[in-house]
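*Asks:* The file below is query-v9.cif, mmCIF, C-alpha atoms:
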```cif
data_run
loop_
_atom_site.group_PDB
_atom_site.id
_atom_site.type_symbol
_atom_site.label_atom_id
_atom_site.label_comp_id
_atom_site.auth_asym_id
_atom_site.auth_seq_id
_atom_site.Cartn_x
_atom_site.Cartn_y
_atom_site.Cartn_z
ATOM 1 C CA MET D 160 -176.888 -27.729 42.127
ATOM 2 C CA GLN D 161 -175.847 -29.992 39.277
ATOM 3 C CA VAL D 162 -177.007 -33.590 39.094
ATOM 4 C CA GLN D 163 -175.025 -36.073 37.020
ATOM 5 C CA ILE D 164 -176.525 -39.511 36.401
ATOM 6 C CA ILE D 165 -174.568 -42.642 35.491
ATOM 7 C CA ARG D 166 -175.846 -46.187 34.949
ATOM 8 C CA ARG D 167 -173.776 -49.164 36.079
ATOM 9 C CA LYS D 168 -175.899 -52.237 35.271
ATOM 10 C CA LYS D 169 -178.680 -52.301 37.901
ATOM 11 C CA ASN D 170 -177.135 -49.433 39.830
ATOM 12 C CA LEU D 171 -177.845 -45.775 39.406
ATOM 13 C CA ILE D 172 -175.065 -43.397 40.416
ATOM 14 C CA VAL D 173 -176.121 -39.828 41.144
ATOM 15 C CA ARG D 174 -173.343 -37.262 41.555
ATOM 16 C CA LEU D 175 -174.461 -34.101 43.336
ATOM 17 C CA LYS D 176 -172.466 -30.932 42.822
ATOM 18 C CA GLY D 177 -173.142 -27.639 44.600
ATOM 19 C CA GLU D 178 -175.683 -27.024 47.363
ATOM 20 C CA LEU D 179 -178.611 -29.234 48.371
ATOM 21 C CA ASP D 180 -181.374 -27.169 49.980
ATOM 22 C CA HIS D 181 -185.148 -26.740 49.696
ATOM 23 C CA HIS D 182 -184.744 -24.932 46.367
ATOM 24 C CA THR D 183 -182.579 -27.607 44.741
ATOM 25 C CA SER D 184 -183.943 -30.771 46.394
ATOM 26 C CA LEU D 185 -186.695 -31.106 43.783
ATOM 27 C CA THR D 186 -184.051 -31.256 41.018
ATOM 28 C CA PHE D 187 -182.488 -34.263 42.742
ATOM 29 C CA ARG D 188 -185.843 -35.975 43.314
ATOM 30 C CA GLN D 189 -187.011 -35.467 39.739
ATOM 31 C CA ALA D 190 -183.702 -36.586 38.214
ATOM 32 C CA VAL D 191 -183.874 -39.907 40.088
ATOM 33 C CA GLU D 192 -187.587 -40.452 39.441
ATOM 34 C CA LYS D 193 -187.104 -39.856 35.719
ATOM 35 C CA GLU D 194 -184.527 -42.652 35.613
ATOM 36 C CA LEU D 195 -186.793 -44.975 37.575
ATOM 37 C CA GLU D 196 -189.507 -44.587 34.959
ATOM 38 C CA LYS D 197 -187.485 -45.727 32.010
ATOM 39 C CA GLU D 198 -185.028 -48.269 33.327
ATOM 40 C CA ILE D 199 -184.982 -51.341 35.495
ATOM 41 C CA ILE D 200 -182.818 -50.027 38.273
ATOM 42 C CA GLN D 201 -182.370 -51.680 41.615
ATOM 43 C CA ASN D 202 -179.920 -49.646 43.665
ATOM 44 C CA LEU D 203 -178.941 -46.032 44.123
ATOM 45 C CA ILE D 204 -175.500 -44.613 44.900
ATOM 46 C CA ILE D 205 -175.483 -40.965 45.949
ATOM 47 C CA ASN D 206 -172.054 -39.396 45.499
ATOM 48 C CA MET D 207 -171.738 -36.275 47.678
ATOM 49 C CA GLU D 208 -168.041 -35.653 47.060
ATOM 50 C CA ASN D 209 -168.740 -32.286 45.406
ATOM 51 C CA LEU D 210 -171.740 -31.317 47.508
ATOM 52 C CA THR D 211 -170.504 -28.204 49.287
ATOM 53 C CA PHE D 212 -173.597 -27.533 51.409
ATOM 54 C CA MET D 213 -176.618 -29.378 52.729
ATOM 55 C CA ASP D 214 -179.425 -28.493 55.154
ATOM 56 C CA SER D 215 -182.380 -30.507 56.474
ATOM 57 C CA SER D 216 -183.907 -30.544 52.995
ATOM 58 C CA GLY D 217 -181.173 -33.070 52.171
ATOM 59 C CA ILE D 218 -182.394 -35.375 54.950
ATOM 60 C CA GLY D 219 -185.914 -35.339 53.513
ATOM 61 C CA ALA D 220 -184.747 -35.820 49.931
ATOM 62 C CA ILE D 221 -182.469 -38.750 50.768
ATOM 63 C CA LEU D 222 -185.030 -40.385 53.054
ATOM 64 C CA GLY D 223 -187.555 -40.108 50.218
ATOM 65 C CA ARG D 224 -185.207 -41.914 47.810
ATOM 66 C CA TYR D 225 -184.362 -44.510 50.492
ATOM 67 C CA LYS D 226 -188.058 -45.399 50.877
ATOM 68 C CA GLN D 227 -188.556 -45.446 47.116
ATOM 69 C CA PHE D 228 -185.697 -47.909 46.552
ATOM 70 C CA ARG D 229 -186.512 -50.001 49.621
ATOM 71 C CA ASP D 230 -190.079 -50.450 48.339
ATOM 72 C CA ARG D 231 -188.647 -51.778 45.056
ATOM 73 C CA GLY D 232 -186.432 -54.209 46.944
ATOM 74 C CA GLY D 233 -183.295 -52.154 46.327
ATOM 75 C CA LYS D 234 -180.679 -50.355 48.365
ATOM 76 C CA VAL D 235 -179.261 -46.858 48.733
ATOM 77 C CA VAL D 236 -175.582 -46.220 49.468
ATOM 78 C CA ILE D 237 -173.961 -42.825 50.066
ATOM 79 C CA CYS D 238 -170.326 -41.988 49.289
ATOM 80 C CA GLY D 239 -168.026 -38.973 49.487
ATOM 81 C CA LEU D 240 -169.461 -37.566 52.728
ATOM 82 C CA SER D 241 -167.874 -34.382 54.075
ATOM 83 C CA ARG D 242 -167.780 -33.739 57.811
ATOM 84 C CA HIS D 243 -170.622 -31.217 57.596
ATOM 85 C CA ASN D 244 -172.848 -33.382 55.398
ATOM 86 C CA LYS D 245 -172.214 -36.343 57.661
ATOM 87 C CA LYS D 246 -173.298 -34.337 60.697
ATOM 88 C CA ILE D 247 -176.556 -33.344 59.003
ATOM 89 C CA LEU D 248 -177.394 -36.905 57.945
ATOM 90 C CA GLU D 249 -176.487 -38.191 61.393
ATOM 91 C CA MET D 250 -178.930 -35.773 63.041
ATOM 92 C CA GLY D 251 -181.657 -37.015 60.719
ATOM 93 C CA GLY D 252 -180.905 -40.596 61.772
ATOM 94 C CA LEU D 253 -180.004 -41.630 58.212
ATOM 95 C CA LEU D 254 -176.599 -43.104 59.048
ATOM 96 C CA LYS D 255 -178.385 -45.844 60.999
ATOM 97 C CA ILE D 256 -180.218 -47.053 57.898
ATOM 98 C CA ILE D 257 -178.005 -46.104 54.942
ATOM 99 C CA PRO D 258 -174.471 -47.487 54.442
ATOM 100 C CA VAL D 259 -171.701 -44.938 53.842
ATOM 101 C CA CYS D 260 -168.730 -45.728 51.583
ATOM 102 C CA THR D 261 -165.636 -43.691 50.803
ATOM 103 C CA ASP D 262 -166.078 -43.657 47.018
ATOM 104 C CA GLU D 263 -168.163 -45.015 44.135
ATOM 105 C CA ARG D 264 -165.966 -48.080 43.668
ATOM 106 C CA GLN D 265 -166.447 -49.138 47.272
ATOM 107 C CA ALA D 266 -170.167 -48.407 47.003
ATOM 108 C CA LEU D 267 -170.451 -50.646 43.928
ATOM 109 C CA GLU D 268 -168.579 -53.412 45.762
ATOM 110 C CA ASN D 269 -170.941 -53.013 48.708
ATOM 111 C CA LEU D 270 -173.908 -53.570 46.389
ATOM 112 C CA SER D 271 -172.510 -56.527 44.432
ATOM 113 C CA MET B 285 -180.020 -15.240 77.444
ATOM 114 C CA TYR B 286 -180.315 -13.916 73.937
ATOM 115 C CA HIS B 287 -179.994 -10.175 73.985
ATOM 116 C CA TYR B 288 -178.523 -7.631 71.673
ATOM 117 C CA ARG B 289 -178.094 -3.909 71.675
ATOM 118 C CA PRO B 290 -178.278 -2.528 68.160
ATOM 119 C CA GLY B 291 -176.628 0.623 69.409
ATOM 120 C CA LYS B 292 -174.016 2.861 67.857
ATOM 121 C CA GLN B 293 -171.157 0.623 68.934
ATOM 122 C CA MET B 294 -172.438 -2.481 67.257
ATOM 123 C CA ASN B 295 -171.996 -3.167 63.573
ATOM 124 C CA TYR B 296 -175.052 -4.558 61.846
ATOM 125 C CA MET B 297 -176.683 -5.391 58.532
ATOM 126 C CA MET B 298 -180.248 -5.583 57.253
ATOM 127 C CA LEU B 299 -181.595 -7.433 54.280
ATOM 128 C CA GLU B 300 -185.068 -7.927 52.865
ATOM 129 C CA VAL B 301 -185.930 -10.497 50.222
ATOM 130 C CA PRO B 302 -189.147 -11.900 48.767
ATOM 131 C CA ALA B 303 -189.992 -15.341 50.151
ATOM 132 C CA ARG B 304 -188.764 -17.249 47.110
ATOM 133 C CA SER B 305 -186.728 -20.416 47.372
ATOM 134 C CA GLU B 306 -183.960 -19.145 45.091
ATOM 135 C CA ASN B 307 -183.154 -16.578 47.792
ATOM 136 C CA GLU B 308 -182.231 -19.275 50.335
ATOM 137 C CA SER B 309 -178.668 -19.575 49.046
ATOM 138 C CA PHE B 310 -178.343 -15.806 48.657
ATOM 139 C CA VAL B 311 -179.210 -15.135 52.311
ATOM 140 C CA ARG B 312 -176.797 -17.859 53.459
ATOM 141 C CA VAL B 313 -173.954 -16.309 51.486
ATOM 142 C CA VAL B 314 -174.686 -12.787 52.772
ATOM 143 C CA ILE B 315 -174.671 -13.922 56.404
ATOM 144 C CA ALA B 316 -171.469 -15.912 55.865
ATOM 145 C CA ALA B 317 -169.801 -12.839 54.339
ATOM 146 C CA PHE B 318 -170.988 -10.648 57.225
ATOM 147 C CA ALA B 319 -169.684 -13.167 59.780
ATOM 148 C CA ALA B 320 -166.283 -13.442 58.049
ATOM 149 C CA ARG B 321 -164.902 -10.469 60.052
ATOM 150 C CA LEU B 322 -165.180 -12.569 63.217
ATOM 151 C CA ASP B 323 -162.710 -15.056 61.730
ATOM 152 C CA PRO B 324 -164.889 -18.135 62.203
ATOM 153 C CA THR B 325 -163.716 -21.647 61.365
ATOM 154 C CA LEU B 326 -165.105 -23.311 58.233
ATOM 155 C CA GLU B 327 -167.157 -25.570 60.460
ATOM 156 C CA GLU B 328 -168.670 -22.593 62.298
ATOM 157 C CA VAL B 329 -169.525 -20.885 58.994
ATOM 158 C CA ASN B 330 -171.263 -24.039 57.790
ATOM 159 C CA GLU B 331 -173.224 -24.253 61.030
ATOM 160 C CA VAL B 332 -174.412 -20.639 60.751
ATOM 161 C CA LYS B 333 -175.280 -21.059 57.063
ATOM 162 C CA THR B 334 -177.297 -24.177 57.813
ATOM 163 C CA ALA B 335 -179.224 -22.579 60.687
ATOM 164 C CA VAL B 336 -180.015 -19.535 58.519
ATOM 165 C CA SER B 337 -181.078 -21.790 55.678
ATOM 166 C CA GLU B 338 -183.490 -23.629 57.979
ATOM 167 C CA ALA B 339 -185.099 -20.427 59.277
ATOM 168 C CA VAL B 340 -185.471 -18.887 55.808
ATOM 169 C CA THR B 341 -186.865 -22.135 54.376
ATOM 170 C CA ASN B 342 -189.413 -22.262 57.213
ATOM 171 C CA SER B 343 -190.621 -18.768 56.339
ATOM 172 C CA ILE B 344 -190.929 -19.631 52.652
ATOM 173 C CA LEU B 345 -192.646 -22.984 53.143
ATOM 174 C CA HIS B 346 -194.751 -22.479 56.230
ATOM 175 C CA ALA B 347 -195.304 -18.768 56.840
ATOM 176 C CA TYR B 348 -196.509 -17.825 53.389
ATOM 177 C CA ASP B 349 -197.615 -21.168 51.948
ATOM 178 C CA ASP B 350 -196.278 -20.211 48.513
ATOM 179 C CA ASP B 351 -197.968 -16.841 48.740
ATOM 180 C CA ARG B 352 -195.351 -14.223 48.138
ATOM 181 C CA GLY B 353 -194.334 -12.296 51.217
ATOM 182 C CA LEU B 354 -191.182 -10.700 52.566
ATOM 183 C CA ILE B 355 -188.455 -12.066 54.773
ATOM 184 C CA LYS B 356 -186.350 -9.649 56.801
ATOM 185 C CA ILE B 357 -182.897 -10.547 58.016
ATOM 186 C CA ARG B 358 -180.905 -8.543 60.530
ATOM 187 C CA ALA B 359 -177.529 -9.441 61.962
ATOM 188 C CA PHE B 360 -175.275 -7.800 64.533
ATOM 189 C CA VAL B 361 -171.663 -8.484 65.441
ATOM 190 C CA GLU B 362 -169.677 -7.702 68.549
ATOM 191 C CA ASP B 363 -166.485 -9.368 69.778
ATOM 192 C CA LYS B 364 -166.896 -13.013 68.896
ATOM 193 C CA LYS B 365 -170.667 -12.940 68.821
ATOM 194 C CA LEU B 366 -173.080 -12.941 65.910
ATOM 195 C CA TRP B 367 -176.757 -12.238 66.470
ATOM 196 C CA ILE B 368 -179.197 -13.070 63.688
ATOM 197 C CA GLU B 369 -182.902 -12.273 63.402
ATOM 198 C CA ILE B 370 -185.044 -13.730 60.665
ATOM 199 C CA SER B 371 -188.623 -12.509 60.554
ATOM 200 C CA ASP B 372 -191.686 -12.885 58.356
ATOM 201 C CA SER B 373 -195.234 -11.522 58.369
ATOM 202 C CA GLY B 374 -196.844 -14.843 57.569
ATOM 203 C CA LYS B 375 -199.429 -16.988 59.266
ATOM 204 C CA GLY B 376 -197.362 -17.713 62.391
ATOM 205 C CA ILE B 377 -196.829 -20.932 64.322
ATOM 206 C CA ASP B 378 -199.783 -22.221 66.368
ATOM 207 C CA ASP B 379 -197.785 -24.567 68.556
ATOM 208 C CA ILE B 380 -194.103 -23.648 68.855
ATOM 209 C CA ALA B 381 -193.276 -26.557 71.189
ATOM 210 C CA ARG B 382 -194.607 -29.043 68.644
ATOM 211 C CA ALA B 383 -192.823 -27.279 65.756
ATOM 212 C CA ARG B 384 -189.537 -27.629 67.686
ATOM 213 C CA GLU B 385 -189.944 -31.382 68.136
ATOM 214 C CA PRO B 386 -187.451 -33.393 66.079
ATOM 215 C CA LEU B 387 -189.051 -35.046 63.044
ATOM 216 C CA TYR B 388 -192.296 -33.077 63.354
ATOM 217 C CA THR B 389 -193.506 -31.691 60.024
ATOM 218 C CA ASP B 390 -196.903 -30.806 58.620
ATOM 219 C CA LYS B 391 -195.565 -31.144 55.083
ATOM 220 C CA PRO B 392 -194.330 -34.747 54.739
ATOM 221 C CA GLU B 393 -195.631 -34.838 51.150
ATOM 222 C CA LEU B 394 -192.952 -32.273 50.295
ATOM 223 C CA GLU B 395 -190.311 -34.583 51.798
ATOM 224 C CA ARG B 396 -189.674 -32.221 54.700
ATOM 225 C CA SER B 397 -187.694 -33.932 57.447
ATOM 226 C CA GLY B 398 -188.980 -31.971 60.438
ATOM 227 C CA MET B 399 -185.386 -31.366 61.540
ATOM 228 C CA GLY B 400 -185.161 -27.617 60.883
ATOM 229 C CA PHE B 401 -185.472 -26.312 64.443
ATOM 230 C CA THR B 402 -183.405 -29.220 65.817
ATOM 231 C CA ILE B 403 -180.559 -28.262 63.484
ATOM 232 C CA MET B 404 -180.833 -24.584 64.455
ATOM 233 C CA GLU B 405 -180.661 -25.552 68.147
ATOM 234 C CA ASN B 406 -177.701 -27.858 67.585
ATOM 235 C CA PHE B 407 -175.660 -25.453 65.498
ATOM 236 C CA MET B 408 -176.354 -22.169 67.311
ATOM 237 C CA ASP B 409 -175.697 -21.217 70.924
ATOM 238 C CA GLU B 410 -179.212 -19.876 71.367
ATOM 239 C CA VAL B 411 -182.455 -20.000 69.411
ATOM 240 C CA VAL B 412 -185.480 -17.952 70.468
ATOM 241 C CA ILE B 413 -188.728 -18.292 68.539
ATOM 242 C CA SER B 414 -191.572 -15.786 68.889
ATOM 243 C CA SER B 415 -194.711 -16.140 66.839
ATOM 244 C CA SER B 416 -198.170 -14.581 66.666
ATOM 245 C CA PRO B 417 -200.773 -16.494 64.669
ATOM 246 C CA GLY B 418 -201.801 -14.351 61.712
ATOM 247 C CA LYS B 419 -199.000 -11.853 62.260
ATOM 248 C CA GLY B 420 -195.747 -13.637 61.732
ATOM 249 C CA THR B 421 -192.710 -15.275 63.238
ATOM 250 C CA VAL B 422 -189.319 -14.059 64.448
ATOM 251 C CA VAL B 423 -186.404 -16.425 64.955
ATOM 252 C CA LYS B 424 -183.497 -14.968 66.900
ATOM 253 C CA MET B 425 -180.228 -16.843 67.032
ATOM 254 C CA LEU B 426 -176.872 -16.276 68.695
ATOM 255 C CA LYS B 427 -173.570 -17.810 67.645
ATOM 256 C CA VAL B 428 -170.382 -17.415 69.664
ATOM 257 C CA PHE B 429 -167.292 -18.098 67.542
ATOM 258 C CA ASN B 430 -163.946 -19.657 68.421
ATOM 259 C CA LYS B 431 -165.087 -20.941 71.789
ATOM 260 C CA VAL B 432 -162.532 -23.759 71.787
ATOM 261 C CA ALA B 433 -159.641 -21.482 70.834
ATOM 262 C CA GLU B 434 -160.498 -18.963 73.551
ATOM 263 C CA SER B 435 -160.826 -21.461 76.363
ATOM 264 C CA SER B 436 -157.392 -22.929 75.581
ATOM 265 C CA HIS B 437 -155.598 -19.674 76.438
#
```
In structure tokens, write the structure found in this file.
*Replies:*
Amino acid sequence: MQVQIIRRKKNLIVRLKGELDHHTSLTFRQAVEKELEKEIIQNLIINMENLTFMDSSGIGAILGRYKQFRDRGGKVVICGLSRHNKKILEMGGLLKIIPVCTDERQALENLS
Amino acid sequence: MYHYRPGKQMNYMMLEVPARSENESFVRVVIAAFAARLDPTLEEVNEVKTAVSEAVTNSILHAYDDDRGLIKIRAFVEDKKLWIEISDSGKGIDDIARAREPLYTDKPELERSGMGFTIMENFMDEVVISSSPGKGTVVKMLKVFNKVAESSH
């Protein structure tokens, strides 16, 4: 899995490409935590447009980031959800607590 | 009921990999390729891949606790049915009923969601778990493809 990180003012955009499973979930976690150390970031946008596979490891990894940002007074927004990824997140109960947008632009509007 | 007959008529495959996390994606891809002959929908393939991923991850994380062991995968096909068995020789599951509960995990520090068995049960037509403490665990799963298409005829 490839993780691309973009800063938009107080918002961190993380683009995930490939497959999010137990093996790759640590890459995602570490990439976000590294950014949190050096910058004053409030919100997180997770772009899953190019995420071709996800299992329950994705639920744990996203829930972990949700708690991290909530504890800092920030928000997490997800965009680019495929049908499969949506089903997985729904089973984990994440769609009840995390807003879903169609793309990054809408996610940024949601946070502003 | 889950049953299979690995007899002469039934095509099958066997695979053995060390319990290392980089093999999770490999096993998923192998099973998806094996199932391709049954002409599954993309959604069905994703469901099978996810269920397999959950079972293999369980063996890596829980059965061997980072100790290196082996995971054996067998799959059989017949008509529109795919049988999958994923087994390890790890420490086993003490309480299977508790392990099956949604959101139950004994590794929250590793950001595990506790949804593995729930996902297997949702995505597969049958999931049978057998485990002997100290000996290992076998997860047997059945997937029946193209159920919607067949019933419409």
*Asks:* List, as a list in words, every residue that the PyMOL selection byres ((chain D) within 8 of (chain B)) selects in the file provided.
*Replies:*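 Answer for the PyMOL selection byres ((chain D) within 8 of (chain B)): Asp180, His181, His182, Phe212, Met213, Asp214, Ser215, Ser216, Ile218, Gly219, Ala220, Leu222, Gly223, His243, Ile247, Met250 and Gly251 of chain D.
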*Asks:* Which is closest to Asp349 in chain B among B:Met404, B:Val313, B:Ala303, B:Ile368, if we use all atoms listed in the file?
*Replies:* B:Ala303
*Asks:* Kindly give the distance, in Å, that separates CA of Gly233 in chain D and CA of Gln163 in chain D, rounded to a single decimal.
*Replies:* 20.3 Å
*Asks:* Pull out every residue that the PyMOL selection byres ((chain B and resi 412-423) around 10) matches in the shown coordinates and put them as an NGL selection string.
*Replies:* :B and (285-286 or 336 or 339-340 or 342-343 or 347-348 or 355-357 or 368-381 or 384 or 401 or 404-405 or 410-411 or 424-426)
*Asks:* Report, in Å to a single decimal, how far apart CA of Lys246 in chain D and CA of Leu270 in chain D are.
*Replies:*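 One can read the CA of Leu270 in chain D to CA of Lys246 in chain D distance as 24.0 Å.
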*Asks:* Assuming the chain letters and numbering stay as they are in my file, what does the PyMOL selection byres ((chain D and resi 266-269) around 8) actually select? List them as JSON, numbers by chain.
*Replies:* {"D": [170, 204, 236, 237, 238, 259, 260, 261, 262, 263, 264, 265, 270, 271]}
*Asks:* Select, from D:Arg231, D:Ile256, D:Tyr225, D:Asn209, the residue with the minimum atom-to-atom distance to Asn244 in chain D, counting all atoms listed in the file.
*Replies:*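 Using all atoms listed in the file, Asn244 in chain D sits closest to D:Asn209.
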*Asks:* Could you state the separation of CA of Leu175 in chain D and CA of Glu192 in chain D in Å, given to one decimal place?
*Replies:*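 So the answer is 15.1 Å.
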*Asks:* Tell me, as a list in words, which residues lie within 6 Å of Leu203 in chain D, counting only C-alpha atoms; anything in the same chain fewer than 5 positions away does not count.
*Replies:*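 Within the cut-off, the hits are Asn170, Leu171, Ile172 and Val235 of chain D.
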